[in-house]
Structure formats: C-alpha cells, structure tokens
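Text of model.cif, listed as mmCIF, C-alpha atoms and all ligand atoms:
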data_coords
#
loop_
_atom_site.label_atom_id
_atom_site.label_comp_id
_atom_site.auth_asym_id
_atom_site.auth_seq_id
_atom_site.Cartn_x
_atom_site.Cartn_y
_atom_site.Cartn_z
CA MET A 1 -44.97 0.40 -3.92
CA LYS A 2 -44.95 3.56 -5.96
CA ASP A 3 -41.74 5.45 -6.71
CA ALA A 4 -42.96 8.51 -4.82
CA GLU A 5 -43.58 6.41 -1.73
CA MET A 6 -40.20 4.77 -2.06
CA ASN A 7 -38.51 8.16 -2.19
CA GLU A 8 -39.96 9.03 1.21
CA LEU A 9 -38.27 6.07 2.85
CA SER A 10 -34.92 6.02 4.55
CA ASP A 11 -32.09 4.15 2.87
CA SER A 12 -32.47 1.19 5.23
CA GLU A 13 -36.20 1.09 4.66
CA GLN A 14 -35.69 1.12 0.90
CA GLU A 15 -33.27 -1.76 1.23
CA GLU A 16 -35.82 -3.71 3.23
CA VAL A 17 -38.53 -3.12 0.66
CA GLN A 18 -36.26 -4.13 -2.16
CA SER A 19 -35.07 -7.21 -0.30
CA LEU A 20 -38.58 -8.57 -0.10
CA GLU A 21 -38.99 -8.23 -3.83
CA ALA A 22 -35.56 -9.81 -4.29
CA GLU A 23 -36.56 -12.76 -2.13
CA LEU A 24 -39.71 -13.17 -4.20
CA ALA A 25 -37.61 -13.31 -7.33
CA ARG A 26 -35.44 -15.96 -5.69
CA ALA A 27 -38.51 -17.95 -4.70
CA LYS A 28 -39.78 -17.91 -8.26
CA SER A 29 -36.44 -19.19 -9.47
CA LEU A 30 -36.46 -22.18 -7.13
CA SER A 31 -36.07 -25.48 -8.94
CA VAL A 32 -38.70 -28.06 -8.06
CA LYS A 33 -36.21 -30.75 -9.04
CA SER A 34 -33.62 -29.44 -6.59
CA LEU A 35 -36.19 -29.11 -3.84
CA ALA A 36 -37.37 -32.65 -4.53
CA ASP A 37 -33.77 -33.91 -4.41
CA ALA A 38 -33.41 -32.30 -1.00
CA ILE A 39 -36.66 -33.70 0.33
CA GLU A 40 -35.74 -37.14 -1.00
CA SER A 41 -32.37 -37.01 0.72
CA ILE A 42 -33.95 -36.02 4.06
CA GLY A 43 -36.74 -38.56 3.72
CA PHE A 44 -40.30 -38.20 4.96
CA GLU A 45 -43.47 -40.14 5.40
CA CYS A 46 -46.29 -38.83 7.53
CA THR A 47 -47.15 -41.24 10.30
CA ARG A 48 -50.35 -39.34 10.94
CA CYS A 49 -49.43 -38.79 14.54
CA GLY A 50 -51.45 -35.56 14.64
CA ALA A 51 -48.78 -33.73 16.58
CA CYS A 52 -48.73 -30.87 14.09
CA CYS A 53 -52.48 -30.24 14.38
CA THR A 54 -53.02 -30.24 18.09
CA ALA A 55 -52.27 -28.27 21.23
CA HIS A 56 -49.29 -29.03 23.31
CA HIS A 57 -49.79 -29.72 26.96
CA SER A 58 -46.98 -29.28 29.42
CA GLY A 59 -45.46 -32.61 30.31
CA GLU A 60 -47.08 -34.21 27.31
CA ASN A 61 -45.23 -37.17 25.91
CA ASN A 62 -45.43 -36.63 22.19
CA ASP A 63 -44.42 -40.20 21.55
CA GLU A 64 -47.78 -41.27 22.85
CA LYS A 65 -49.40 -39.36 20.03
CA THR A 66 -47.87 -41.63 17.48
CA GLU A 67 -50.46 -44.18 18.41
CA ASN A 68 -53.07 -41.96 16.84
CA ALA A 69 -52.63 -42.85 13.24
CA HIS A 70 -54.65 -40.93 10.68
CA GLU A 71 -56.42 -42.51 7.82
CA ASP A 72 -54.66 -42.02 4.54
CA GLU A 73 -57.35 -40.01 2.87
CA THR A 74 -57.62 -37.63 5.79
CA GLU A 75 -53.99 -37.21 6.65
CA PRO A 76 -53.57 -34.36 9.09
CA ALA A 77 -52.18 -31.21 7.71
CA HIS A 78 -48.69 -30.61 8.68
CA THR A 79 -48.88 -27.85 11.11
CA GLN A 80 -46.88 -27.98 14.16
CA ILE A 81 -46.96 -28.21 17.84
CA ASN A 82 -45.00 -25.84 19.86
CA ASN A 83 -43.71 -25.95 23.35
CA ARG A 84 -43.02 -22.29 23.64
CA SER A 85 -44.65 -19.62 25.67
CA LYS A 86 -46.48 -16.57 24.50
CA THR A 87 -44.19 -13.63 24.70
CA GLU A 88 -44.01 -10.10 23.57
CA ALA A 89 -46.16 -9.46 20.59
CA PRO A 90 -45.18 -7.33 17.68
CA ALA A 91 -46.63 -3.90 17.71
CA ALA A 92 -48.19 -2.47 14.63
CA THR A 93 -45.60 -0.40 12.89
CA ALA A 94 -44.92 1.27 9.64
CA PRO A 95 -45.64 -0.57 6.43
CA THR A 96 -42.13 -0.28 5.21
CA GLU A 97 -40.54 -2.17 7.95
CA ASN A 98 -39.26 -4.63 5.48
CA GLY A 99 -42.49 -6.08 4.51
CA ARG A 100 -42.59 -8.83 7.03
CA VAL A 101 -44.94 -9.11 9.89
CA SER A 102 -43.05 -11.11 12.39
CA HIS A 103 -44.64 -12.84 15.29
CA ASN A 104 -41.87 -13.08 17.74
CA ASN A 105 -42.07 -15.29 20.72
CA GLY A 106 -38.61 -14.52 21.76
CA SER A 107 -37.12 -17.72 20.55
CA ASP A 108 -36.51 -19.50 17.34
CA ASP A 109 -40.08 -19.87 16.30
CA GLN A 110 -41.31 -19.60 12.86
CA THR A 111 -43.97 -17.90 10.86
CA ARG A 112 -44.72 -16.15 7.75
CA THR A 113 -45.42 -12.56 7.28
CA VAL A 114 -44.36 -9.05 7.70
CA SER A 115 -41.82 -8.06 10.19
CA ASN A 116 -42.19 -5.69 12.97
CA GLN A 117 -39.74 -3.22 14.32
CA ASP A 118 -40.65 -4.14 17.87
CA ASN A 119 -39.98 -7.73 17.16
CA LYS A 120 -36.68 -8.27 18.88
CA ALA A 121 -35.53 -11.24 16.93
CA ASN A 122 -37.40 -10.60 13.71
CA THR A 123 -38.05 -14.28 13.50
CA ASP A 124 -40.75 -15.55 11.23
CA VAL A 125 -43.49 -17.52 12.85
CA ALA A 126 -45.66 -19.83 10.89
CA MET A 127 -47.13 -22.38 13.13
CA GLU A 128 -46.79 -22.63 16.77
CA SER A 129 -48.62 -22.92 19.99
CA VAL A 130 -48.95 -20.27 22.62
CA SER A 131 -48.76 -20.89 26.30
CA THR A 132 -51.70 -20.13 28.48
CA SER A 133 -52.04 -19.96 32.22
CA THR A 134 -53.28 -23.52 32.16
CA SER A 135 -49.99 -24.65 30.60
CA THR A 136 -51.75 -25.66 27.43
CA GLU A 137 -50.36 -24.17 24.26
CA PRO A 138 -53.07 -23.86 21.61
CA HIS A 139 -52.16 -24.92 18.12
CA THR A 140 -51.25 -21.83 16.09
CA ALA A 141 -50.78 -21.94 12.34
CA THR A 142 -50.86 -18.95 10.03
CA VAL A 143 -53.59 -18.91 7.43
CA PHE A 144 -53.97 -16.32 4.68
CA PRO A 145 -57.24 -14.52 3.84
CA ASP A 146 -58.07 -16.52 0.73
CA GLU A 147 -57.24 -19.71 2.58
CA VAL A 148 -59.70 -18.67 5.29
CA ARG A 149 -62.41 -18.27 2.67
CA GLU A 150 -61.59 -21.66 1.16
CA LEU A 151 -61.84 -23.24 4.58
CA GLN A 152 -65.18 -21.53 5.15
CA ALA A 153 -66.45 -23.07 1.92
CA THR A 154 -65.00 -26.42 2.92
CA ALA A 155 -66.77 -26.27 6.27
CA ASP A 156 -70.01 -25.34 4.52
CA ASN A 157 -69.68 -28.32 2.22
CA MET A 158 -68.95 -30.58 5.16
CA ARG A 159 -72.13 -29.48 6.87
CA ASP A 160 -74.17 -29.81 3.69
CA GLY A 161 -73.30 -33.48 3.76
CA THR A 162 -74.60 -33.97 7.26
CA ALA A 163 -77.94 -33.81 9.02
CA ASP A 164 -76.90 -30.54 10.65
CA THR A 165 -80.10 -28.58 11.16
CA ASP A 166 -78.12 -25.35 10.84
CA ALA A 167 -76.65 -26.44 7.53
CA HIS A 168 -77.89 -23.34 5.72
CA SER A 169 -76.13 -20.92 8.03
CA PRO A 170 -72.81 -20.05 6.35
CA THR A 171 -69.63 -20.76 8.21
CA GLU A 172 -68.31 -17.51 9.59
CA TRP A 173 -64.78 -16.20 9.30
CA ARG A 174 -64.16 -16.59 13.00
CA ASP A 175 -65.32 -20.20 12.86
CA VAL A 176 -62.13 -21.08 11.00
CA ALA A 177 -59.69 -18.28 11.84
CA ARG A 178 -58.65 -16.17 14.80
CA PRO A 179 -56.31 -13.19 15.08
CA MET A 180 -52.70 -14.12 15.57
CA PRO A 181 -52.30 -13.73 19.32
CA TYR A 182 -49.06 -11.79 19.16
CA GLY A 183 -49.72 -8.14 19.88
CA LEU A 184 -52.93 -8.79 21.80
CA ASP A 185 -53.44 -8.38 25.51
CA ASP A 186 -53.56 -11.38 27.83
CA GLU A 187 -57.31 -11.73 27.39
CA ASN A 188 -57.00 -11.48 23.62
CA SER A 189 -59.53 -8.66 23.67
CA THR A 190 -57.51 -5.68 22.47
CA GLY A 191 -54.41 -4.98 20.46
CA THR A 192 -53.02 -4.92 16.97
CA THR A 193 -51.68 -7.98 15.25
CA PHE A 194 -50.76 -9.32 11.84
CA GLU A 195 -52.35 -12.19 9.97
CA TRP A 196 -54.60 -14.98 11.12
CA ALA A 197 -54.23 -18.34 12.75
CA LEU A 198 -56.34 -21.42 12.23
CA GLN A 199 -59.15 -21.43 14.75
CA THR A 200 -58.81 -23.80 17.67
CA ASP A 201 -61.33 -25.69 19.74
CA ALA A 202 -61.71 -25.76 23.50
CA CYS A 203 -58.84 -28.22 23.72
CA GLY A 204 -56.53 -25.95 21.75
CA ASP A 205 -56.53 -28.24 18.72
CA CYS A 206 -57.16 -27.04 15.18
CA VAL A 207 -60.92 -27.00 14.59
CA PHE A 208 -60.46 -29.23 11.56
CA TYR A 209 -58.68 -31.92 13.52
CA GLU A 210 -60.66 -34.92 14.61
CA GLU A 211 -59.91 -38.16 16.33
CA ALA A 212 -62.07 -41.25 16.36
CA ASP A 213 -61.07 -44.40 18.12
CA GLY A 214 -57.63 -42.99 18.59
CA VAL A 215 -57.26 -42.16 14.92
CA GLY A 216 -56.78 -38.54 13.93
CA SER A 217 -57.66 -36.84 10.68
CA CYS A 218 -57.86 -33.46 8.97
CA GLN A 219 -61.42 -32.67 7.94
CA ALA A 220 -60.15 -30.07 5.48
CA HIS A 221 -57.40 -32.20 4.03
CA ASP A 222 -58.04 -31.37 0.37
CA ASN A 223 -58.16 -27.64 1.10
CA ARG A 224 -55.75 -27.35 3.97
CA PRO A 225 -53.49 -24.30 4.04
CA LEU A 226 -50.13 -24.42 2.29
CA ILE A 227 -48.33 -24.36 5.61
CA CYS A 228 -50.11 -27.58 6.53
CA ALA A 229 -49.61 -29.22 3.15
CA THR A 230 -45.86 -28.71 3.28
CA TYR A 231 -45.14 -29.52 6.89
CA PRO A 232 -42.48 -30.36 8.14
CA PHE A 233 -40.50 -28.55 5.44
CA SER A 234 -39.63 -24.93 4.77
CA VAL A 235 -37.40 -23.09 2.34
CA ALA A 236 -34.39 -21.12 3.52
CA LEU A 237 -35.46 -17.81 2.03
CA GLY A 238 -35.89 -14.56 3.90
CA GLY A 239 -39.50 -13.49 4.21
CA THR A 240 -40.87 -17.02 4.18
CA SER A 241 -42.20 -18.83 7.17
CA GLN A 242 -40.63 -21.61 9.10
CA PRO A 243 -42.54 -24.13 11.09
CA MET A 244 -41.77 -23.82 14.70
CA GLY A 245 -38.48 -24.47 16.20
CA GLU A 246 -35.10 -24.71 14.72
CA ALA A 247 -34.58 -26.91 11.72
CA VAL A 248 -33.60 -30.42 12.71
CA ASP A 249 -32.25 -31.23 9.27
CA THR A 250 -31.31 -29.36 6.13
CA ALA A 251 -30.49 -30.17 2.54
CA GLY A 252 -29.83 -27.48 0.00
CA MET A 253 -32.51 -24.81 0.35
CA VAL A 254 -34.81 -27.14 2.27
CA ARG A 255 -35.11 -27.18 6.03
CA ALA A 256 -36.90 -29.90 7.97
CA HIS A 257 -38.56 -29.30 11.28
CA GLU A 258 -39.57 -31.46 14.16
CA CYS A 259 -41.62 -34.40 12.94
CA GLU A 260 -41.48 -38.08 13.67
CA GLY A 261 -41.96 -38.91 9.99
CA LEU A 262 -38.59 -37.53 8.95
CA GLY A 263 -35.97 -39.95 7.69
CA ARG A 264 -38.45 -42.34 6.14
CA ASP A 265 -38.33 -43.36 2.51
CA ILE A 266 -40.29 -41.13 0.13
CA THR A 267 -41.09 -41.88 -3.50
CA ARG A 268 -39.75 -39.56 -6.17
CA GLU A 269 -43.29 -38.74 -7.22
CA ALA A 270 -44.26 -37.76 -3.68
CA ALA A 271 -41.07 -35.74 -3.23
CA GLU A 272 -41.71 -33.80 -6.43
CA GLU A 273 -45.30 -33.12 -5.49
CA LEU A 274 -44.23 -31.86 -2.07
CA ALA A 275 -41.43 -29.80 -3.63
CA ALA A 276 -43.83 -28.11 -6.04
CA THR A 277 -46.16 -27.21 -3.18
CA LEU A 278 -43.23 -25.95 -1.13
CA ARG A 279 -42.19 -23.66 -3.98
CA THR A 280 -45.77 -22.42 -4.34
CA ARG A 281 -45.87 -21.72 -0.64
CA ALA A 282 -42.63 -19.73 -0.66
CA ILE A 283 -43.88 -17.56 -3.50
CA ARG A 284 -47.26 -17.13 -1.89
CA GLU A 285 -45.81 -16.12 1.47
CA LEU A 286 -43.64 -13.46 -0.09
CA GLU A 287 -46.47 -12.12 -2.23
CA GLU A 288 -48.61 -11.97 0.90
CA ALA A 289 -45.88 -10.15 2.81
CA ILE A 290 -45.50 -7.61 0.03
CA SER A 291 -49.26 -7.06 -0.20
CA LEU A 292 -49.51 -6.69 3.56
CA ARG A 293 -46.73 -4.15 3.56
CA ASP A 294 -48.38 -2.17 0.81
CA ALA A 295 -51.87 -2.34 2.35
CA TYR A 296 -50.73 -1.34 5.79
CA GLU A 297 -52.19 1.79 7.33
CA PRO A 298 -51.57 2.86 10.94
CA PRO A 299 -54.42 1.61 13.14
CA GLY A 300 -55.59 5.02 14.39
CA ASN A 301 -58.06 5.09 17.29
CA THR A 302 -59.84 1.84 16.60
CA ASP A 303 -60.96 0.01 19.74
CA GLY A 304 -60.66 -3.69 20.28
CA ILE A 305 -58.59 -5.94 18.05
CA VAL A 306 -57.18 -4.87 14.70
CA VAL A 307 -55.76 -7.49 12.37
CA HIS A 308 -53.62 -6.42 9.44
CA ASP A 309 -53.40 -8.77 6.50
CA SER A 310 -52.73 -8.41 2.79
CA GLU A 311 -56.21 -6.97 2.27
CA GLY A 312 -55.95 -4.24 4.90
CA ALA A 313 -57.09 -3.78 8.51
CA LYS A 314 -59.86 -6.03 9.76
CA ARG A 315 -61.94 -6.91 12.78
CA PRO A 316 -61.64 -10.37 14.35
CA ASP A 317 -64.70 -11.41 12.33
CA GLY A 318 -62.84 -10.67 9.10
CA THR A 319 -64.74 -7.49 8.22
CA ALA A 320 -62.76 -4.53 6.95
CA ILE A 321 -62.03 -1.49 9.08
CA ASP A 322 -62.37 1.76 7.23
CA ASN A 323 -59.71 4.19 8.31
S1 LIG A 401 -46.38 -34.30 9.41
FE1 LIG A 401 -45.10 -35.18 11.06
S2 LIG A 401 -45.91 -34.26 12.95
FE2 LIG A 401 -47.48 -33.96 11.36
S3 LIG A 401 -48.90 -35.73 11.54
FE3 LIG A 401 -47.32 -36.28 10.02
S4 LIG A 401 -45.73 -37.33 11.16
FE4 LIG A 401 -46.98 -36.24 12.67
S1 LIG A 402 -56.14 -27.63 8.73
FE1 LIG A 402 -55.91 -29.85 8.89
S2 LIG A 402 -53.72 -30.20 8.57
FE2 LIG A 402 -53.93 -28.00 9.08
S3 LIG A 402 -53.67 -27.92 11.31
FE3 LIG A 402 -55.88 -28.16 10.91
S4 LIG A 402 -56.26 -30.39 11.05
FE4 LIG A 402 -54.03 -30.07 10.80
#
What's the structure tokens form of this structure?
Ligand code: SF4
Ligand code: SF4
Amino acid sequence: MKDAEMNELSDSEQEEVQSLEAELARAKSLSVKSLADAIESIGFECTRCGACCTAHHSGENNDEKTENAHEDETEPAHTQINNRSKTEAPAATAPTENGRVSHNNGSDDQTRTVSNQDNKANTDVAMESVSTSTSTEPHTATVFPDEVRELQATADNMRDGTADTDAHSPTEWRDVARPMPYGLDDENSTGTTFEWALQTDACGDCVFYEEADGVGSCQAHDNRPLICATYPFSVALGGTSQPMGEAVDTAGMVRAHECEGLGRDITREAAEELAATLRTRAIRELEEAISLRDAYEPPGNTDGIVVHDSEGAKRPDGTAIDN
C-alpha cells in the first residue's frame, strides 16, 4: 500500500494494515525446528480416513470413515469436514479492513483470508463444510488462484493419461474451484464473496477425492493445496487460516485440529517436512491476504457473483471483472 493511500485511512485502519505486515514478518521468522518439535510432541500419522476431503452428513458416524483407508501414494489431502451450518456471509467491504477476508459462519470456524467488517466474529475460515437444506454440508476448503491453476494442470494431466475422448478440452477454472459460499444468496447465484473453495461433486466431496473398494485417495496429491498438505495443523498467527473448529491440541505456535491421526508417532523427518510446509503456508496466506487487500475495489453494479481474490474481482469462472 502506498503512503498516500495509508494517509487516507483512519488510525484503526492503519493499525490493521500494519498488523498484517507485522504478522507476515512473524511468519517469516518462524523456526521450522520449533514447529517440528511441536508437531512431534503432538504426534500425527494420517490414517487416510478421508474425513477431511468429504462432505459431512447429519448423523454421520465419522468413525465409520476410518475403514476407508487411502493408499499411501494417494493420501488424501488434509482438508476438513465440518459440522457447521452456513450462516451470515461477509459482505464486500473496504480493502483496508485489516487485510483479511473472513468467512464467518458464526462459530469457531477457520479460514484464511481477508477480514470483513460485517463478519461478526472475524474468524478465519480455511476449510469447512456448509449446511444445505438436505442436511449435507459440502466440503469447503480455501484454494488460492495459483493453486487453482495448478489443479487445472493436474486435472489436464490426469485426463491425458486416460482414454477420455475429451482429453484435449482444457480443464476449466470452475471444474476445480467454486466461489466461497459466504456472502452469496441461498441459491449461490448472486452476491459478493472472497476467495475460492475446492470444487465439490454431487455428493459434496472434493472433486479430487475418490474411493475404490472402500479405499479413498486424493487424485491431486502431489499438487494439493497447502491447506490440504498441512492438515490437521495450523499456526497461531493472526491473518492465517485455521482448519475448522477449535484446536483440539496445541504446542508452541502449532495448533492441531480434529483428526483421528493425532497422537500417533511421527518421524523427525516427517515432522520437519510438515513443519516446513506449515511455515510456507503461513507466509503464503498472509501474502495472499495482503495482495487481496491491495487489489480490492468496491464491486460496483456488477450482476451475479463477484469473487475477490489477490488478483482482483472475478466471475465464478475465474475471468476478471473490469471495473
Ligand atoms: S489428515 Fe486426519 S482427517 Fe484427514 S484423512 Fe488423514 S487422518 Fe483422516
Ligand atoms: S485436493 Fe485432495 S487432499 Fe485436498 S480436499 Fe481434495 S481430495 Fe482432499
């Protein structure tokens, strides 16, 4: 943000802007060793239950999902299921609202992004599921613009390796991402929202999640979003996302969220690798929040859905809206 723009802000707005930059500096100073120590002390081994990649159905017994082990090489990304209901969405507001787009569901959910002055709790939402009238809560995990493009390329490569007769038709943006539902109307046809969520299938599961013979897997494992690669952990820094729900365990700067794999032995090598990715994610989320804040322009009279991300205002198909 330029000095002239800063000077036009109120004192509280200037503090918010500066705090985001301060949090980024803190993220960059995070020690991978310390994060790894924390992860090691909490313990984690993915059981490949798939719970963090799929929709939640009311009355669902999540324990049953543990029977769906995932093959090692296609371990499901660590997104998260959520039992919460869709609630008030954040309205598009000024870009200086502290740089975070929050997706508030009225509870303790998590996410990444830029906050919103209409967001009552200013909670960060990263992955969650949203209730529907059918009591199914689609899987919802935030994905950044460059991650969307990587997933498009991944999907293209997947199809190139099959007998798909439509293999030469590029995967579209909306094939892998959808507007974050917060801020949209009940039919998800109009409204203003921030950031993108991984696209879901008719069952509400992530489109990259597959099960065969009761075994689940992530078809985009090698290119899964950072939020997936670091689940069930988050870093206790303002402006970063938290997987859904309150932390069930903490150690140092690391928070652990609901996951049946917690408490299991983890090798030092695996803990360090996870810690390094967690640090990368924290930095990335804050950089994204800052870019979103700086790119934000009021939506104007645009019909339909407007999605604000770090690259500006877009349509649901990912194309830019010229203000
Ligand atoms: S990260 Fe946790 S919730 Fe996700 S598949 Fe592994 S064990 Fe299940
Ligand atoms: S991209 Fe992969 S790991 Fe992430 S939610 Fe989808 S299936 Fe799970």
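Straight-line separation from atom CA of A:Glu147 to atom CA of A:Pro225: 6.1 Å.
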Select the residues contacting ligand LIG 402 (chain A) at a distance of at most 9 Å, based on only C-alpha atoms and all ligand atoms, then format the selection as a PyMOL selection string. chain A and resi 50-54+74-80+127+139-141+151+198-200+205-210+216-229+231
Would you mind listing what lies within 9 Å of A:Val148 as a ChimeraX atom specification, with all atoms listed in the file counted and same-chain residues fewer than 2 positions away left out? /A:143-146,150-153,173,176-177,196,198,225
Point out the residue among A:Glu172, A:Glu258, A:Asp186, A:Asp213 with the least atom-to-atom distance to ligand LIG 401 (chain A), counting all atoms listed in the file. A:Glu258
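Atom CA of A:Ile39 sits 10.4 Å away from atom CA of A:Glu273.
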Put a box with edges along x, y and z around all the listed atoms of ligand LIG 401 (chain A), pad it by 6 Å on each side, then give me its centre and sizes in Å, one decimal, as AutoDock Vina command-line options.
--center_x -47.0 --center_y -35.6 --center_z 11.2 --size_x 15.8 --size_y 15.4 --size_z 15.5
Could you jot down the atom CA of A:Arg264 to atom CA of A:Gly43 separation for me, Å, one decimal place? 4.8 Å
A:Leu278 environment, 10 Å, all atoms listed in the file, sequence neighbours closer than 6 positions dropped, as a count of residues only: 16
Up to 12 Å from (-44.4, -19.0, -1.8) in the file's coordinates: name the residues, counting only C-alpha atoms, as a ChimeraX atom specification. /A:23-30,112-113,144,226-227,230,234-242,275-290
Using all atoms listed in the file, which of the listed residues (A:Ala22, A:Ile42, A:Asp317, A:Asp322) sits closest to A:Met253? A:Ile42
